[in-house]
Amino acid sequence: MSTTTGHLSGQHPALPALSGSSVALVHEWFGATGGSEKVFRNITRLVPHAERFVLWKDHGVEDPDLRESWLARTPARRSKAMALPLMPMTWRTLTRQRFDVVISSSHAFAHTVKLGPPETTRHLSYVHAPARYIWSPAFDGRGSSPLLALPRRALQAVDVRFSRHVHSYAANSREVQARIRHYWRRDAVVVNPPVDVPFFADAPPADRAQPRDYLLGVGRWIPYKRFDLIIAIAEAAGLPVVIAGSGPEEVNLRRLAERVSVPVTFEVMPSKERLRQLYWGAKALLFPVHEDFGIIPVEAQACGTPVIGIDRGGLLETVVDGETGFLVGSTEARGFAALAARVGELRTDRIQANAARFSEAAFAATFSAWVADAVA
């Protein structure tokens, strides 16, 4: 075994299968509040002795133990589009250190990292999604331009070729499992992401006593999240709507809000406690977007809040249609609005019980079993 020690070398790893092994945990660029970052933090708690590597840390990330790549010292860190072609090379030149086990948390090229030969280093990759802007441009406008067709094909070839050394993949959902099989021709086990279910379920009495008299949209304010449609649904339903999050679409969404006939309230970057209050006060969470998994709908259900979303992607796994919410086959506002009137038919205890399937404890158990099997 290698003698490399981690940033918490005085602690023993929570995973017995990795006891005595040197471990590297690898993530893409590291934002302050993203869902993939929450997963990475949970992985870190399971392997506290591991070294942790990221391409770069965004401003506001206060974690001195995250080791940034050389890309963090270049202007490319300010533009993911500029950095994208450099990422495979960055991961291959990350460090001269070698590890017994490498676990990557990947939604772009992190799974291409190579920190030792496959004969002596076991490489496991937890995949949030094969890079959407490369493989699924219909989902993500950043890669959909016809001018990017040739570069996209070139990056697809690099993505496949540079990841042949991966011994085992885990996907965050059946949706992503199917894409891994389709794009990379590799099998993967499903390990759903962790959600802090007890925090959202065990709200203070004042939060739980709210009247549930508005619709709610939560997430990053970018075009594909369809907050414009959420506002249109609220208008069609004749109900107030709260839009929680932040992002570059804020100005456009506020202009749209001024033109509709129902109250639209913006909650910019709410705290975790405030977000819990918003979930508990909502009649329903609106989620009309095709996501790979979707942590937000699970958080809402932990609060007993039904979800009205689109019948594809991760919602097929996290929402039980007709029991914990409703799934819609189109993106017509009227279809969503009609279902908002039916959420009273759903049982709060059933909704919360469904969310418990995706707890941090459940993640720890399934993730640990995957790792133990992969390194055996």
# chains A, B, ... in the order shown; residues from 1 in each chain; ligands from 1

call {"tool": "residues_around", "arguments": {"residues": "region 304-309 of chain A", "least_positions_apart": "3", "cutoff": "9 Å", "atoms": "only C-alpha atoms", "output": "NGL selection string"}}
result
:A and (201 or 212 or 279-290 or 297-301 or 312 or 315 or 319 or 323-329 or 336 or 339-340 or 343 or 346-353 or 355)

call {"tool": "select_by_dssp", "arguments": {"residues": "region 245-376 of chain A", "states": "strand (DSSP E or B)", "output": "list in words"}}
result
Gly245, Ser246, Val264, Thr265, Phe266, Glu267, Val268, Ala282, Lys283, Ala284, Leu285, Leu286, Phe287, Val307, Ile308, Gly309, Ile310, Asp321, Gly325, Phe326, Leu327, Val328 and Ser359 of chain A

call {"tool": "write_last_selection", "arguments": {"atoms": "N, CA and C atoms", "output": "PDB file, in the first residue's frame"}}
result
ATOM      1  N   GLY A 245     -33.945  31.037  -4.891  1.00  0.00           N
ATOM      2  CA  GLY A 245     -32.673  30.668  -5.510  1.00  0.00           C
ATOM      3  C   GLY A 245     -31.879  31.886  -5.899  1.00  0.00           C
ATOM      4  N   SER A 246     -31.138  31.783  -6.986  1.00  0.00           N
ATOM      5  CA  SER A 246     -30.382  32.898  -7.540  1.00  0.00           C
ATOM      6  C   SER A 246     -29.885  32.489  -8.915  1.00  0.00           C
ATOM      7  N   VAL A 264     -45.860  37.420  -7.219  1.00  0.00           N
ATOM      8  CA  VAL A 264     -44.626  36.639  -7.372  1.00  0.00           C
ATOM      9  C   VAL A 264     -43.607  37.197  -6.383  1.00  0.00           C
ATOM     10  N   THR A 265     -43.149  36.352  -5.481  1.00  0.00           N
ATOM     11  CA  THR A 265     -42.175  36.765  -4.467  1.00  0.00           C
ATOM     12  C   THR A 265     -40.843  36.083  -4.740  1.00  0.00           C
ATOM     13  N   PHE A 266     -39.776  36.860  -4.694  1.00  0.00           N
ATOM     14  CA  PHE A 266     -38.445  36.317  -4.923  1.00  0.00           C
ATOM     15  C   PHE A 266     -37.698  36.186  -3.602  1.00  0.00           C
ATOM     16  N   GLU A 267     -37.164  35.028  -3.367  1.00  0.00           N
ATOM     17  CA  GLU A 267     -36.317  34.754  -2.203  1.00  0.00           C
ATOM     18  C   GLU A 267     -34.908  34.472  -2.738  1.00  0.00           C
ATOM     19  N   VAL A 268     -34.003  35.443  -2.584  1.00  0.00           N
ATOM     20  CA  VAL A 268     -32.666  35.317  -3.158  1.00  0.00           C
ATOM     21  C   VAL A 268     -31.740  34.611  -2.162  1.00  0.00           C
ATOM     22  N   ALA A 282     -45.597  25.773   1.391  1.00  0.00           N
ATOM     23  CA  ALA A 282     -46.049  25.683   0.001  1.00  0.00           C
ATOM     24  C   ALA A 282     -47.160  24.657  -0.181  1.00  0.00           C
ATOM     25  N   LYS A 283     -48.068  25.002  -1.050  1.00  0.00           N
ATOM     26  CA  LYS A 283     -49.137  24.072  -1.451  1.00  0.00           C
ATOM     27  C   LYS A 283     -48.544  22.940  -2.278  1.00  0.00           C
ATOM     28  N   ALA A 284     -47.568  23.278  -3.133  1.00  0.00           N
ATOM     29  CA  ALA A 284     -46.881  22.286  -3.966  1.00  0.00           C
ATOM     30  C   ALA A 284     -45.586  22.885  -4.483  1.00  0.00           C
ATOM     31  N   LEU A 285     -44.616  22.022  -4.727  1.00  0.00           N
ATOM     32  CA  LEU A 285     -43.404  22.415  -5.436  1.00  0.00           C
ATOM     33  C   LEU A 285     -43.629  22.179  -6.920  1.00  0.00           C
ATOM     34  N   LEU A 286     -43.347  23.188  -7.735  1.00  0.00           N
ATOM     35  CA  LEU A 286     -43.420  23.048  -9.187  1.00  0.00           C
ATOM     36  C   LEU A 286     -42.026  22.721  -9.713  1.00  0.00           C
ATOM     37  N   PHE A 287     -41.918  21.661 -10.507  1.00  0.00           N
ATOM     38  CA  PHE A 287     -40.610  21.217 -10.987  1.00  0.00           C
ATOM     39  C   PHE A 287     -40.741  20.721 -12.430  1.00  0.00           C
ATOM     40  N   VAL A 307     -45.108  17.290  -5.084  1.00  0.00           N
ATOM     41  CA  VAL A 307     -44.357  17.792  -6.241  1.00  0.00           C
ATOM     42  C   VAL A 307     -45.206  17.642  -7.493  1.00  0.00           C
ATOM     43  N   ILE A 308     -45.284  18.703  -8.272  1.00  0.00           N
ATOM     44  CA  ILE A 308     -45.912  18.626  -9.589  1.00  0.00           C
ATOM     45  C   ILE A 308     -44.805  18.848 -10.605  1.00  0.00           C
ATOM     46  N   GLY A 309     -44.465  17.793 -11.343  1.00  0.00           N
ATOM     47  CA  GLY A 309     -43.317  17.870 -12.239  1.00  0.00           C
ATOM     48  C   GLY A 309     -43.544  17.133 -13.534  1.00  0.00           C
ATOM     49  N   ILE A 310     -42.502  17.080 -14.319  1.00  0.00           N
ATOM     50  CA  ILE A 310     -42.574  16.469 -15.636  1.00  0.00           C
ATOM     51  C   ILE A 310     -42.296  14.971 -15.525  1.00  0.00           C
ATOM     52  N   ASP A 321     -46.347   8.981  -8.668  1.00  0.00           N
ATOM     53  CA  ASP A 321     -47.437   9.709  -9.309  1.00  0.00           C
ATOM     54  C   ASP A 321     -48.777   9.340  -8.687  1.00  0.00           C
ATOM     55  N   GLY A 325     -47.225  13.186  -5.390  1.00  0.00           N
ATOM     56  CA  GLY A 325     -47.254  14.313  -6.317  1.00  0.00           C
ATOM     57  C   GLY A 325     -47.907  13.890  -7.612  1.00  0.00           C
ATOM     58  N   PHE A 326     -47.753  14.724  -8.614  1.00  0.00           N
ATOM     59  CA  PHE A 326     -48.322  14.416  -9.926  1.00  0.00           C
ATOM     60  C   PHE A 326     -47.269  14.669 -10.999  1.00  0.00           C
ATOM     61  N   LEU A 327     -47.204  13.773 -11.979  1.00  0.00           N
ATOM     62  CA  LEU A 327     -46.273  13.911 -13.087  1.00  0.00           C
ATOM     63  C   LEU A 327     -47.048  14.205 -14.359  1.00  0.00           C
ATOM     64  N   VAL A 328     -46.547  15.182 -15.119  1.00  0.00           N
ATOM     65  CA  VAL A 328     -47.262  15.723 -16.278  1.00  0.00           C
ATOM     66  C   VAL A 328     -46.504  15.373 -17.547  1.00  0.00           C
ATOM     67  N   SER A 359     -32.381   9.250   2.181  1.00  0.00           N
ATOM     68  CA  SER A 359     -31.683   9.891   3.286  1.00  0.00           C
ATOM     69  C   SER A 359     -30.167   9.735   3.158  1.00  0.00           C
TER      70      SER A 359
END

call {"tool": "residues_around", "arguments": {"residues": "Val195 (chain A)", "least_positions_apart": "5", "cutoff": "12 Å", "atoms": "only C-alpha atoms", "output": "ChimeraX atom specification"}}
result
/A:35-36,38-39,41-42,200-201,293-302,318,355-364

call {"tool": "residues_around", "arguments": {"residues": "region 15-26 of chain A", "least_positions_apart": "6", "cutoff": "9 Å", "atoms": "only C-alpha atoms", "output": "PyMOL selection string"}}
result
chain A and resi 1-6+40+43-44+46-47+49-55+98-106+110-111+113+115+368+371-373+375-376

call {"tool": "residues_around", "arguments": {"residues": "Lys114 (chain A)", "least_positions_apart": "6", "cutoff": "9 Å", "atoms": "only C-alpha atoms", "output": "list in words"}}
result
Trp91, Arg92, Thr93, Leu94, Arg98, Val102, Thr121, His123, Phe162, Ser163, His165 and Val166 of chain A

call {"tool": "write_last_selection", "arguments": {"atoms": "C-alpha atoms", "output": "mmCIF file, in the first residue's frame"}}
result
data_model
loop_
_atom_site.group_PDB
_atom_site.id
_atom_site.type_symbol
_atom_site.label_atom_id
_atom_site.label_comp_id
_atom_site.auth_asym_id
_atom_site.auth_seq_id
_atom_site.Cartn_x
_atom_site.Cartn_y
_atom_site.Cartn_z
ATOM 1 C CA TRP A 91 -6.902 15.854 -14.713
ATOM 2 C CA ARG A 92 -4.045 13.881 -16.293
ATOM 3 C CA THR A 93 -1.464 16.363 -14.916
ATOM 4 C CA LEU A 94 -3.095 16.933 -11.550
ATOM 5 C CA ARG A 98 -0.150 7.994 -6.630
ATOM 6 C CA VAL A 102 -9.343 7.063 -6.491
ATOM 7 C CA THR A 121 -4.840 1.809 -8.435
ATOM 8 C CA HIS A 123 -10.521 3.934 -9.835
ATOM 9 C CA PHE A 162 -9.429 8.796 -21.246
ATOM 10 C CA SER A 163 -11.814 6.871 -18.973
ATOM 11 C CA HIS A 165 -9.069 2.785 -16.739
ATOM 12 C CA VAL A 166 -12.182 3.253 -14.544
#
